[in-house]
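Enquirer: What follows is a single structure, and I will ask about it in a moment.
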Amino acid sequence: MATVLSVSGSPSATSGTARLLRHLDERLIAQGHEVMALDVRTLPAEALLGADFAHPAIVRATALFAQADGVVIGTPVYKAAYSGLLKSLLDLLPQYALAGKTVLPLATGGSTAHVLAIDYALRPVLASMGPAHVTPGWFTLDKDITVGEDGTLTVAPGSAEALAQVTDRFSAALGGRTTLLAAAG
């Protein structure tokens, strides 16, 4: 199956966006994909803000993009756009870092007023990086993501179903086994 890079653009260590991505990673793994996780917040700030293309952490992150067949990009929405942290990383990647790849954009936020951030802010940047296909993305309200005391993630039923569908479409575009899980889940 395919190798997927799952990228969280959240600056928060307790990010709902990152937790949601790790939840979707499990679904992709169950469908036979290898998933590599990248939390942009773990990259050195001086490398990101100083545009240090040669910094070893940036070189490693760039190599992860090159290795992936597909990329899931998740970001919280701030002021109707994707995170500045994610922007910093995307600016350091080669112009065609997504060439030939399938991409799934995801966003989280506090208000439905930000739902268009995927299509009007994130999708154009991703499309400019040369992917073979940008699948339909999904915006999830923060209130639909709950983390239990034991760390388990619960997604509200309507959002969970929609996320499963967009994840399965992404997996199918990569050549994943979605029919078995769609019937089971």
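To be explicit about the labels: the chains of the structure tokens are called A, B, and onward in the order shown, and within each one the residues are counted from 1, while ligands get numbers from 1 in the order they are shown.
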Would you write out, as a Markdown table, a table of all residues in range 121-172 of chain A that have an atom no more than 12 Å from an atom of range 17-23 of chain A, listing for each the closest atom pair and the distance in Å to one decimal, considering only C-alpha atoms and ordering rows by chain and rising residue number?
Expert:
```
| residue | atom | partner | partner_atom | distance |
| --- | --- | --- | --- | --- |
| A:Trp138 | CA | A:Leu20 | CA | 11.7 |
| A:Phe139 | CA | A:Thr17 | CA | 10.4 |
| A:Thr140 | CA | A:Thr17 | CA | 9.0 |
| A:Leu141 | CA | A:Thr17 | CA | 10.1 |
| A:Asp142 | CA | A:Thr17 | CA | 8.6 |
| A:Lys143 | CA | A:Thr17 | CA | 11.9 |
| A:Asp144 | CA | A:Leu20 | CA | 10.4 |
| A:Ile145 | CA | A:Leu20 | CA | 7.6 |
| A:Thr146 | CA | A:Leu20 | CA | 9.7 |
| A:Val147 | CA | A:Arg19 | CA | 8.5 |
| A:Gly148 | CA | A:Arg19 | CA | 11.6 |
| A:Gly151 | CA | A:Arg19 | CA | 9.2 |
| A:Thr152 | CA | A:Arg19 | CA | 9.1 |
| A:Leu153 | CA | A:Arg19 | CA | 7.2 |
| A:Thr154 | CA | A:Leu20 | CA | 9.0 |
| A:Val155 | CA | A:Leu20 | CA | 8.3 |
| A:Ala156 | CA | A:Leu20 | CA | 11.7 |
| A:Ser159 | CA | A:Leu20 | CA | 11.1 |
| A:Ala160 | CA | A:Leu20 | CA | 10.0 |
| A:Leu163 | CA | A:Leu20 | CA | 9.6 |
| A:Ala164 | CA | A:His23 | CA | 10.3 |
| A:Thr167 | CA | A:Leu21 | CA | 10.4 |
```
Enquirer: Take the selection from the previous step and output its residues with N, CA, C and O atoms, as a CSV table (one decimal), in the first residue's frame.
Expert:
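Dumped everything to out-v1.csv:
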```
chain,number,residue,atom,x,y,z
A,138,TRP,N,-12.0,18.4,4.8
A,138,TRP,CA,-13.1,18.5,5.7
A,138,TRP,C,-12.7,19.4,6.9
A,138,TRP,O,-11.6,19.5,7.3
A,139,PHE,N,-13.7,20.2,7.3
A,139,PHE,CA,-13.6,21.1,8.4
A,139,PHE,C,-14.3,20.6,9.6
A,139,PHE,O,-15.5,20.2,9.5
A,140,THR,N,-13.7,20.4,10.8
A,140,THR,CA,-14.3,19.9,12.0
A,140,THR,C,-14.3,20.9,13.0
A,140,THR,O,-13.3,21.6,13.3
A,141,LEU,N,-15.5,21.1,13.6
A,141,LEU,CA,-15.6,22.1,14.7
A,141,LEU,C,-14.9,21.6,16.0
A,141,LEU,O,-15.0,20.4,16.3
A,142,ASP,N,-14.3,22.5,16.7
A,142,ASP,CA,-13.6,22.1,17.9
A,142,ASP,C,-14.5,21.4,18.9
A,142,ASP,O,-14.1,20.4,19.6
A,143,LYS,N,-15.8,21.8,18.9
A,143,LYS,CA,-16.7,21.2,19.9
A,143,LYS,C,-17.1,19.8,19.5
A,143,LYS,O,-17.6,19.1,20.4
A,144,ASP,N,-16.8,19.4,18.3
A,144,ASP,CA,-17.0,18.0,17.9
A,144,ASP,C,-15.9,17.0,18.2
A,144,ASP,O,-16.0,15.8,17.9
A,145,ILE,N,-14.8,17.6,18.8
A,145,ILE,CA,-13.7,16.8,19.2
A,145,ILE,C,-13.6,16.8,20.7
A,145,ILE,O,-13.4,17.9,21.3
A,146,THR,N,-13.6,15.6,21.3
A,146,THR,CA,-13.5,15.5,22.8
A,146,THR,C,-12.4,14.5,23.2
A,146,THR,O,-12.4,13.5,22.6
A,147,VAL,N,-11.6,15.0,24.1
A,147,VAL,CA,-10.5,14.1,24.6
A,147,VAL,C,-10.9,13.7,26.0
A,147,VAL,O,-11.0,14.6,26.9
A,148,GLY,N,-11.0,12.4,26.3
A,148,GLY,CA,-11.3,11.9,27.6
A,148,GLY,C,-10.1,12.0,28.5
A,148,GLY,O,-9.0,12.3,28.1
A,151,GLY,N,-7.2,10.1,27.6
A,151,GLY,CA,-6.6,10.5,26.3
A,151,GLY,C,-7.3,10.0,25.1
A,151,GLY,O,-6.9,10.3,24.0
A,152,THR,N,-8.4,9.2,25.3
A,152,THR,CA,-9.1,8.7,24.1
A,152,THR,C,-9.9,9.9,23.4
A,152,THR,O,-10.4,10.8,24.1
A,153,LEU,N,-9.9,9.8,22.1
A,153,LEU,CA,-10.5,10.8,21.3
A,153,LEU,C,-11.9,10.4,20.9
A,153,LEU,O,-12.1,9.2,20.5
A,154,THR,N,-12.9,11.2,21.1
A,154,THR,CA,-14.2,11.0,20.6
A,154,THR,C,-14.6,12.1,19.6
A,154,THR,O,-14.4,13.3,19.9
A,155,VAL,N,-15.1,11.7,18.5
A,155,VAL,CA,-15.6,12.7,17.5
A,155,VAL,C,-17.1,12.6,17.4
A,155,VAL,O,-17.6,11.4,17.3
A,156,ALA,N,-17.8,13.7,17.4
A,156,ALA,CA,-19.3,13.7,17.3
A,156,ALA,C,-19.7,12.9,16.1
A,156,ALA,O,-19.0,12.9,15.1
A,159,SER,N,-19.7,14.4,12.5
A,159,SER,CA,-18.3,14.7,12.0
A,159,SER,C,-17.5,13.4,11.8
A,159,SER,O,-16.7,13.3,10.9
A,160,ALA,N,-17.7,12.4,12.7
A,160,ALA,CA,-17.0,11.2,12.6
A,160,ALA,C,-17.3,10.5,11.3
A,160,ALA,O,-16.4,10.0,10.6
A,163,LEU,N,-15.7,12.5,8.4
A,163,LEU,CA,-14.2,12.3,8.4
A,163,LEU,C,-13.9,10.9,7.8
A,163,LEU,O,-12.9,10.8,7.1
A,164,ALA,N,-14.7,9.9,8.2
A,164,ALA,CA,-14.4,8.6,7.7
A,164,ALA,C,-14.6,8.6,6.2
A,164,ALA,O,-13.8,8.0,5.5
A,167,THR,N,-11.6,10.4,4.5
A,167,THR,CA,-10.4,9.6,4.7
A,167,THR,C,-10.4,8.4,3.8
A,167,THR,O,-9.4,8.0,3.2
```
Enquirer: Using DSSP on the backbone coordinates, identify all residues within range 102-170 of chain A classified as alpha helix (DSSP H); present the result as a ChimeraX atom specification.
Expert: /A:117,123-127,157-170
Enquirer: Could you turn the residues from that selection into a file that holds N, CA, C and O atoms, as a PDB file, in the first residue's frame?
Expert:
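Final file, selection-v5.pdb:
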```pdb
ATOM      1  N   ALA A 117     -11.956  28.129   4.869  1.00  0.00           N
ATOM      2  CA  ALA A 117     -10.501  28.290   4.941  1.00  0.00           C
ATOM      3  C   ALA A 117      -9.781  27.195   4.150  1.00  0.00           C
ATOM      4  O   ALA A 117      -8.721  27.447   3.568  1.00  0.00           O
ATOM      5  N   ARG A 123      -6.127  25.113   0.147  1.00  0.00           N
ATOM      6  CA  ARG A 123      -6.130  24.379  -1.130  1.00  0.00           C
ATOM      7  C   ARG A 123      -5.294  25.070  -2.225  1.00  0.00           C
ATOM      8  O   ARG A 123      -4.517  24.401  -2.923  1.00  0.00           O
ATOM      9  N   PRO A 124      -5.386  26.398  -2.401  1.00  0.00           N
ATOM     10  CA  PRO A 124      -4.568  27.032  -3.444  1.00  0.00           C
ATOM     11  C   PRO A 124      -3.064  26.863  -3.226  1.00  0.00           C
ATOM     12  O   PRO A 124      -2.318  26.647  -4.180  1.00  0.00           O
ATOM     13  N   VAL A 125      -2.629  26.937  -1.978  1.00  0.00           N
ATOM     14  CA  VAL A 125      -1.199  26.755  -1.689  1.00  0.00           C
ATOM     15  C   VAL A 125      -0.791  25.320  -1.995  1.00  0.00           C
ATOM     16  O   VAL A 125       0.235  25.079  -2.642  1.00  0.00           O
ATOM     17  N   LEU A 126      -1.593  24.366  -1.548  1.00  0.00           N
ATOM     18  CA  LEU A 126      -1.280  22.955  -1.816  1.00  0.00           C
ATOM     19  C   LEU A 126      -1.279  22.687  -3.319  1.00  0.00           C
ATOM     20  O   LEU A 126      -0.384  22.021  -3.834  1.00  0.00           O
ATOM     21  N   ALA A 127      -2.257  23.223  -4.033  1.00  0.00           N
ATOM     22  CA  ALA A 127      -2.343  23.008  -5.484  1.00  0.00           C
ATOM     23  C   ALA A 127      -1.130  23.595  -6.204  1.00  0.00           C
ATOM     24  O   ALA A 127      -0.679  23.040  -7.218  1.00  0.00           O
ATOM     25  N   PRO A 157     -20.796  12.116  16.248  1.00  0.00           N
ATOM     26  CA  PRO A 157     -21.195  11.172  15.190  1.00  0.00           C
ATOM     27  C   PRO A 157     -21.242  11.746  13.774  1.00  0.00           C
ATOM     28  O   PRO A 157     -20.710  11.141  12.845  1.00  0.00           O
ATOM     29  N   GLY A 158     -21.846  12.905  13.557  1.00  0.00           N
ATOM     30  CA  GLY A 158     -21.927  13.462  12.206  1.00  0.00           C
ATOM     31  C   GLY A 158     -20.552  13.784  11.642  1.00  0.00           C
ATOM     32  O   GLY A 158     -20.264  13.491  10.479  1.00  0.00           O
ATOM     33  N   SER A 159     -19.706  14.357  12.472  1.00  0.00           N
ATOM     34  CA  SER A 159     -18.342  14.675  12.034  1.00  0.00           C
ATOM     35  C   SER A 159     -17.530  13.409  11.817  1.00  0.00           C
ATOM     36  O   SER A 159     -16.743  13.330  10.869  1.00  0.00           O
ATOM     37  N   ALA A 160     -17.708  12.436  12.700  1.00  0.00           N
ATOM     38  CA  ALA A 160     -16.964  11.176  12.576  1.00  0.00           C
ATOM     39  C   ALA A 160     -17.291  10.492  11.255  1.00  0.00           C
ATOM     40  O   ALA A 160     -16.391   9.989  10.562  1.00  0.00           O
ATOM     41  N   GLU A 161     -18.566  10.491  10.888  1.00  0.00           N
ATOM     42  CA  GLU A 161     -18.975   9.863   9.630  1.00  0.00           C
ATOM     43  C   GLU A 161     -18.382  10.598   8.433  1.00  0.00           C
ATOM     44  O   GLU A 161     -17.852   9.989   7.505  1.00  0.00           O
ATOM     45  N   ALA A 162     -18.443  11.926   8.453  1.00  0.00           N
ATOM     46  CA  ALA A 162     -17.895  12.717   7.351  1.00  0.00           C
ATOM     47  C   ALA A 162     -16.382  12.532   7.243  1.00  0.00           C
ATOM     48  O   ALA A 162     -15.844  12.385   6.144  1.00  0.00           O
ATOM     49  N   LEU A 163     -15.695  12.519   8.378  1.00  0.00           N
ATOM     50  CA  LEU A 163     -14.242  12.312   8.373  1.00  0.00           C
ATOM     51  C   LEU A 163     -13.881  10.934   7.838  1.00  0.00           C
ATOM     52  O   LEU A 163     -12.903  10.783   7.100  1.00  0.00           O
ATOM     53  N   ALA A 164     -14.660   9.925   8.219  1.00  0.00           N
ATOM     54  CA  ALA A 164     -14.417   8.569   7.709  1.00  0.00           C
ATOM     55  C   ALA A 164     -14.569   8.554   6.188  1.00  0.00           C
ATOM     56  O   ALA A 164     -13.754   7.951   5.483  1.00  0.00           O
ATOM     57  N   GLN A 165     -15.578   9.247   5.682  1.00  0.00           N
ATOM     58  CA  GLN A 165     -15.800   9.271   4.225  1.00  0.00           C
ATOM     59  C   GLN A 165     -14.669   9.967   3.486  1.00  0.00           C
ATOM     60  O   GLN A 165     -14.178   9.447   2.478  1.00  0.00           O
ATOM     61  N   VAL A 166     -14.215  11.139   3.976  1.00  0.00           N
ATOM     62  CA  VAL A 166     -13.129  11.828   3.262  1.00  0.00           C
ATOM     63  C   VAL A 166     -11.822  11.052   3.388  1.00  0.00           C
ATOM     64  O   VAL A 166     -11.029  11.019   2.444  1.00  0.00           O
ATOM     65  N   THR A 167     -11.614  10.410   4.531  1.00  0.00           N
ATOM     66  CA  THR A 167     -10.410   9.599   4.717  1.00  0.00           C
ATOM     67  C   THR A 167     -10.440   8.389   3.787  1.00  0.00           C
ATOM     68  O   THR A 167      -9.425   8.034   3.173  1.00  0.00           O
ATOM     69  N   ASP A 168     -11.593   7.765   3.662  1.00  0.00           N
ATOM     70  CA  ASP A 168     -11.726   6.610   2.776  1.00  0.00           C
ATOM     71  C   ASP A 168     -11.556   6.992   1.306  1.00  0.00           C
ATOM     72  O   ASP A 168     -10.955   6.252   0.529  1.00  0.00           O
ATOM     73  N   ARG A 169     -12.048   8.185   0.909  1.00  0.00           N
ATOM     74  CA  ARG A 169     -11.844   8.649  -0.469  1.00  0.00           C
ATOM     75  C   ARG A 169     -10.362   8.880  -0.739  1.00  0.00           C
ATOM     76  O   ARG A 169      -9.853   8.542  -1.802  1.00  0.00           O
ATOM     77  N   PHE A 170      -9.687   9.470   0.247  1.00  0.00           N
ATOM     78  CA  PHE A 170      -8.240   9.686   0.142  1.00  0.00           C
ATOM     79  C   PHE A 170      -7.523   8.343   0.015  1.00  0.00           C
ATOM     80  O   PHE A 170      -6.681   8.149  -0.848  1.00  0.00           O
TER      81      PHE A 170
END
```
Enquirer: Give me the range 31-102 of chain A side of the contact with range 3-15 of chain A, cut-off 7 Å, one line per residue showing its nearest atom pair and distance in Å at one decimal, counting only C-alpha atoms, sorted by chain and residue number, as JSON lines.
Expert:
```
{"residue": "A:His33", "atom": "CA", "partner": "A:Thr3", "partner_atom": "CA", "distance": 5.8}
{"residue": "A:Glu34", "atom": "CA", "partner": "A:Thr3", "partner_atom": "CA", "distance": 4.7}
{"residue": "A:Val35", "atom": "CA", "partner": "A:Val4", "partner_atom": "CA", "distance": 4.7}
{"residue": "A:Met36", "atom": "CA", "partner": "A:Leu5", "partner_atom": "CA", "distance": 4.9}
{"residue": "A:Ala37", "atom": "CA", "partner": "A:Ser6", "partner_atom": "CA", "distance": 4.8}
{"residue": "A:Leu38", "atom": "CA", "partner": "A:Val7", "partner_atom": "CA", "distance": 4.8}
{"residue": "A:Asp39", "atom": "CA", "partner": "A:Ser8", "partner_atom": "CA", "distance": 4.8}
{"residue": "A:Val40", "atom": "CA", "partner": "A:Gly9", "partner_atom": "CA", "distance": 5.5}
{"residue": "A:Arg41", "atom": "CA", "partner": "A:Pro11", "partner_atom": "CA", "distance": 5.1}
{"residue": "A:Leu64", "atom": "CA", "partner": "A:Leu5", "partner_atom": "CA", "distance": 7.0}
{"residue": "A:Phe65", "atom": "CA", "partner": "A:Leu5", "partner_atom": "CA", "distance": 6.8}
{"residue": "A:Ala68", "atom": "CA", "partner": "A:Thr3", "partner_atom": "CA", "distance": 5.1}
{"residue": "A:Asp69", "atom": "CA", "partner": "A:Thr3", "partner_atom": "CA", "distance": 5.3}
{"residue": "A:Gly70", "atom": "CA", "partner": "A:Val4", "partner_atom": "CA", "distance": 4.7}
{"residue": "A:Val71", "atom": "CA", "partner": "A:Leu5", "partner_atom": "CA", "distance": 4.7}
{"residue": "A:Val72", "atom": "CA", "partner": "A:Ser6", "partner_atom": "CA", "distance": 4.7}
{"residue": "A:Ile73", "atom": "CA", "partner": "A:Val7", "partner_atom": "CA", "distance": 4.9}
{"residue": "A:Gly74", "atom": "CA", "partner": "A:Ser8", "partner_atom": "CA", "distance": 4.9}
{"residue": "A:Thr75", "atom": "CA", "partner": "A:Gly9", "partner_atom": "CA", "distance": 4.7}
{"residue": "A:Pro76", "atom": "CA", "partner": "A:Ser10", "partner_atom": "CA", "distance": 6.0}
{"residue": "A:Ser83", "atom": "CA", "partner": "A:Gly9", "partner_atom": "CA", "distance": 6.3}
{"residue": "A:Leu85", "atom": "CA", "partner": "A:Gly9", "partner_atom": "CA", "distance": 6.0}
{"residue": "A:Leu86", "atom": "CA", "partner": "A:Gly9", "partner_atom": "CA", "distance": 4.5}
```
Enquirer: Next, dump the selected residues to file, keeping only N, CA, C and O atoms, as a tab-separated table (two decimals), in the first residue's frame.
Expert:
```tsv
chain	number	residue	atom	x	y	z
A	33	HIS	N	-2.05	1.18	4.87
A	33	HIS	CA	-1.05	2.20	4.55
A	33	HIS	C	-0.01	2.31	5.66
A	33	HIS	O	-0.32	2.09	6.83
A	34	GLU	N	1.19	2.70	5.28
A	34	GLU	CA	2.21	3.07	6.26
A	34	GLU	C	2.02	4.56	6.52
A	34	GLU	O	1.92	5.34	5.56
A	35	VAL	N	1.95	4.97	7.78
A	35	VAL	CA	1.74	6.37	8.11
A	35	VAL	C	2.91	6.91	8.92
A	35	VAL	O	3.33	6.30	9.90
A	36	MET	N	3.43	8.04	8.48
A	36	MET	CA	4.48	8.76	9.20
A	36	MET	C	3.85	10.06	9.70
A	36	MET	O	3.19	10.77	8.92
A	37	ALA	N	4.04	10.38	10.97
A	37	ALA	CA	3.47	11.60	11.54
A	37	ALA	C	4.53	12.69	11.65
A	37	ALA	O	5.68	12.42	12.02
A	38	LEU	N	4.14	13.90	11.34
A	38	LEU	CA	5.01	15.06	11.49
A	38	LEU	C	4.21	16.18	12.16
A	38	LEU	O	3.25	16.68	11.57
A	39	ASP	N	4.60	16.52	13.37
A	39	ASP	CA	4.02	17.67	14.07
A	39	ASP	C	4.97	18.83	13.84
A	39	ASP	O	6.09	18.84	14.36
A	40	VAL	N	4.54	19.81	13.06
A	40	VAL	CA	5.41	20.92	12.68
A	40	VAL	C	5.93	21.65	13.92
A	40	VAL	O	7.06	22.13	13.93
A	41	ARG	N	5.15	21.67	15.00
A	41	ARG	CA	5.57	22.36	16.22
A	41	ARG	C	6.85	21.77	16.82
A	41	ARG	O	7.52	22.43	17.61
A	64	LEU	N	10.77	13.53	4.32
A	64	LEU	CA	9.51	12.83	4.61
A	64	LEU	C	8.48	13.12	3.51
A	64	LEU	O	7.76	12.22	3.07
A	65	PHE	N	8.40	14.38	3.08
A	65	PHE	CA	7.48	14.73	2.00
A	65	PHE	C	7.86	13.98	0.72
A	65	PHE	O	6.99	13.46	0.02
A	68	ALA	N	6.76	10.25	0.80
A	68	ALA	CA	5.33	9.95	0.88
A	68	ALA	C	4.67	9.84	-0.49
A	68	ALA	O	5.01	10.56	-1.42
A	69	ASP	N	3.70	8.93	-0.58
A	69	ASP	CA	2.84	8.84	-1.75
A	69	ASP	C	1.64	9.77	-1.60
A	69	ASP	O	1.09	10.26	-2.57
A	70	GLY	N	1.24	9.97	-0.36
A	70	GLY	CA	0.11	10.83	-0.03
A	70	GLY	C	0.41	11.65	1.20
A	70	GLY	O	1.23	11.24	2.03
A	71	VAL	N	-0.24	12.80	1.31
A	71	VAL	CA	-0.02	13.70	2.44
A	71	VAL	C	-1.36	14.16	2.97
A	71	VAL	O	-2.21	14.64	2.22
A	72	VAL	N	-1.54	14.01	4.28
A	72	VAL	CA	-2.68	14.58	4.98
A	72	VAL	C	-2.16	15.82	5.69
A	72	VAL	O	-1.20	15.74	6.45
A	73	ILE	N	-2.77	16.96	5.42
A	73	ILE	CA	-2.35	18.22	6.04
A	73	ILE	C	-3.49	18.68	6.93
A	73	ILE	O	-4.60	18.94	6.45
A	74	GLY	N	-3.22	18.77	8.23
A	74	GLY	CA	-4.22	19.24	9.18
A	74	GLY	C	-3.76	20.52	9.84
A	74	GLY	O	-2.59	20.67	10.19
A	75	THR	N	-4.70	21.45	10.00
A	75	THR	CA	-4.38	22.74	10.61
A	75	THR	C	-5.56	23.29	11.39
A	75	THR	O	-6.71	23.11	10.97
A	76	PRO	N	-5.28	23.95	12.49
A	76	PRO	CA	-6.33	24.75	13.09
A	76	PRO	C	-6.51	26.00	12.23
A	76	PRO	O	-5.57	26.41	11.52
A	83	SER	N	-2.67	27.79	9.87
A	83	SER	CA	-1.73	28.32	10.86
A	83	SER	C	-0.46	28.89	10.23
A	83	SER	O	0.02	28.40	9.21
A	85	LEU	N	2.38	28.57	11.53
A	85	LEU	CA	3.39	27.53	11.69
A	85	LEU	C	3.43	26.63	10.45
A	85	LEU	O	4.50	26.33	9.92
A	86	LEU	N	2.27	26.23	9.99
A	86	LEU	CA	2.20	25.41	8.77
A	86	LEU	C	2.74	26.20	7.58
A	86	LEU	O	3.49	25.68	6.76
```
Enquirer: Interatomic distance between CA of Tyr82 in chain A and CA of Ala132 in chain A?
Expert: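 Distance reported for this atom pair: 21.5 Å.
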Enquirer: Using only C-alpha atoms, find the one residue out of A:Gly137, A:Arg27, A:Ala2, A:Leu89 that sits nearest to Pro44 in chain A.
Expert: A:Leu89
Enquirer: Between A:His133, A:Lys79, A:Lys87, A:His114, which residue has the minimum interatomic distance to Ala51 in chain A, considering only C-alpha atoms?
Expert: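 Ranked by minimum distance to Ala51 in chain A, first place goes to A:Lys87.
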Enquirer: Report the distance between CA of Glu26 in chain A and CA of Leu43 in chain A in Å, rounded to one decimal place.
Expert: 23.2 Å
Enquirer: Skipping near chain neighbours, those fewer than 4 positions away, what residues fall within 10 Å of Met129 in chain A using only C-alpha atoms, listed as a ChimeraX atom specification?
Expert: /A:90,93-101,124-125
Enquirer: By how many Å are CA of Leu104 in chain A and CA of Leu28 in chain A apart?
Expert: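 Taking CA of Leu104 in chain A as the start and CA of Leu28 in chain A as the end point, the length is 12.1 Å.
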Enquirer: Residues of range 21-172 of chain A in strand (DSSP E or B) according to DSSP, as a compact mmCIF listing (two decimals) with N, CA, C and O atoms, in the first residue's frame?
Expert:
```txt
# COMPACT_ATOMS: atom_id res chain seq x y z
N GLU A 34 1.19 2.70 5.28
CA GLU A 34 2.21 3.07 6.26
C GLU A 34 2.02 4.56 6.52
O GLU A 34 1.92 5.34 5.56
N VAL A 35 1.95 4.97 7.78
CA VAL A 35 1.74 6.37 8.11
C VAL A 35 2.91 6.91 8.92
O VAL A 35 3.33 6.30 9.90
N MET A 36 3.43 8.04 8.48
CA MET A 36 4.48 8.76 9.20
C MET A 36 3.85 10.06 9.70
O MET A 36 3.19 10.77 8.92
N ALA A 37 4.04 10.38 10.97
CA ALA A 37 3.47 11.60 11.54
C ALA A 37 4.53 12.69 11.65
O ALA A 37 5.68 12.42 12.02
N LEU A 38 4.14 13.90 11.34
CA LEU A 38 5.01 15.06 11.49
C LEU A 38 4.21 16.18 12.16
O LEU A 38 3.25 16.68 11.57
N ASP A 39 4.60 16.52 13.37
CA ASP A 39 4.02 17.67 14.07
C ASP A 39 4.97 18.83 13.84
O ASP A 39 6.09 18.84 14.36
N GLY A 70 1.24 9.97 -0.36
CA GLY A 70 0.11 10.83 -0.03
C GLY A 70 0.41 11.65 1.20
O GLY A 70 1.23 11.24 2.03
N VAL A 71 -0.24 12.80 1.31
CA VAL A 71 -0.02 13.70 2.44
C VAL A 71 -1.36 14.16 2.97
O VAL A 71 -2.21 14.64 2.22
N VAL A 72 -1.54 14.01 4.28
CA VAL A 72 -2.68 14.58 4.98
C VAL A 72 -2.16 15.82 5.69
O VAL A 72 -1.20 15.74 6.45
N ILE A 73 -2.77 16.96 5.42
CA ILE A 73 -2.35 18.22 6.04
C ILE A 73 -3.49 18.68 6.93
O ILE A 73 -4.60 18.94 6.45
N GLY A 74 -3.22 18.77 8.23
CA GLY A 74 -4.22 19.24 9.18
C GLY A 74 -3.76 20.52 9.84
O GLY A 74 -2.59 20.67 10.19
N THR A 75 -4.70 21.45 10.00
CA THR A 75 -4.38 22.74 10.61
C THR A 75 -5.56 23.29 11.39
O THR A 75 -6.71 23.11 10.97
N PRO A 76 -5.28 23.95 12.49
CA PRO A 76 -6.33 24.75 13.09
C PRO A 76 -6.51 26.00 12.23
O PRO A 76 -5.57 26.41 11.52
N VAL A 77 -7.69 26.58 12.26
CA VAL A 77 -7.94 27.81 11.51
C VAL A 77 -7.85 28.98 12.48
O VAL A 77 -8.50 29.00 13.52
N TYR A 78 -6.99 29.93 12.12
CA TYR A 78 -6.84 31.17 12.87
C TYR A 78 -7.11 32.32 11.91
O TYR A 78 -6.51 32.39 10.84
N ALA A 81 -7.66 31.49 8.20
CA ALA A 81 -6.58 30.93 7.40
C ALA A 81 -5.91 29.79 8.17
O ALA A 81 -6.12 29.64 9.37
N TYR A 82 -5.10 29.03 7.47
CA TYR A 82 -4.34 27.97 8.12
C TYR A 82 -3.26 28.59 9.01
O TYR A 82 -2.96 29.78 8.90
N THR A 102 -1.06 12.49 -3.71
CA THR A 102 -2.46 12.72 -3.37
C THR A 102 -2.47 13.42 -2.02
O THR A 102 -1.76 13.01 -1.11
N VAL A 103 -3.29 14.47 -1.89
CA VAL A 103 -3.29 15.29 -0.69
C VAL A 103 -4.70 15.40 -0.13
O VAL A 103 -5.66 15.59 -0.88
N LEU A 104 -4.81 15.30 1.19
CA LEU A 104 -6.08 15.48 1.90
C LEU A 104 -5.92 16.65 2.86
O LEU A 104 -5.18 16.56 3.84
N PRO A 105 -6.60 17.79 2.60
CA PRO A 105 -6.56 18.91 3.53
C PRO A 105 -7.66 18.80 4.59
O PRO A 105 -8.81 18.51 4.27
N LEU A 106 -7.28 19.04 5.85
CA LEU A 106 -8.23 19.01 6.96
C LEU A 106 -8.02 20.26 7.81
O LEU A 106 -6.89 20.74 7.93
N ALA A 107 -9.09 20.74 8.42
CA ALA A 107 -8.97 21.90 9.30
C ALA A 107 -9.91 21.75 10.48
O ALA A 107 -10.94 21.07 10.39
N THR A 108 -9.55 22.39 11.57
CA THR A 108 -10.39 22.44 12.77
C THR A 108 -10.53 23.90 13.16
O THR A 108 -9.66 24.72 12.88
N GLY A 109 -11.65 24.21 13.81
CA GLY A 109 -11.85 25.58 14.25
C GLY A 109 -13.07 25.71 15.12
O GLY A 109 -13.88 24.79 15.23
N HIS A 133 -3.38 15.08 -7.13
CA HIS A 133 -4.79 15.18 -6.77
C HIS A 133 -4.92 15.73 -5.35
O HIS A 133 -4.23 15.25 -4.45
N VAL A 134 -5.76 16.73 -5.18
CA VAL A 134 -6.13 17.20 -3.84
C VAL A 134 -7.57 16.74 -3.63
O VAL A 134 -8.47 17.20 -4.32
N TRP A 138 -12.04 18.42 4.77
CA TRP A 138 -13.11 18.50 5.75
C TRP A 138 -12.72 19.45 6.86
O TRP A 138 -11.58 19.47 7.31
N PHE A 139 -13.70 20.23 7.32
CA PHE A 139 -13.56 21.14 8.45
C PHE A 139 -14.33 20.55 9.62
O PHE A 139 -15.50 20.21 9.48
N THR A 140 -13.68 20.42 10.76
CA THR A 140 -14.31 19.87 11.97
C THR A 140 -14.35 20.95 13.04
O THR A 140 -13.32 21.57 13.34
N LEU A 141 -15.51 21.14 13.61
CA LEU A 141 -15.64 22.09 14.72
C LEU A 141 -14.93 21.56 15.97
O LEU A 141 -15.00 20.36 16.27
N ILE A 145 -14.84 17.57 18.81
CA ILE A 145 -13.67 16.76 19.20
C ILE A 145 -13.55 16.80 20.72
O ILE A 145 -13.38 17.86 21.30
N THR A 146 -13.64 15.62 21.34
CA THR A 146 -13.54 15.53 22.80
C THR A 146 -12.44 14.55 23.16
O THR A 146 -12.35 13.46 22.59
N VAL A 147 -11.61 14.97 24.10
CA VAL A 147 -10.54 14.10 24.58
C VAL A 147 -10.87 13.72 26.02
O VAL A 147 -11.03 14.58 26.89
N LEU A 153 -9.88 9.80 22.11
CA LEU A 153 -10.54 10.82 21.32
C LEU A 153 -11.92 10.35 20.91
O LEU A 153 -12.11 9.21 20.47
N THR A 154 -12.89 11.24 21.06
CA THR A 154 -14.24 10.98 20.60
C THR A 154 -14.62 12.10 19.64
O THR A 154 -14.41 13.27 19.95
N VAL A 155 -15.13 11.72 18.49
CA VAL A 155 -15.58 12.69 17.50
C VAL A 155 -17.10 12.55 17.41
O VAL A 155 -17.62 11.44 17.34
```
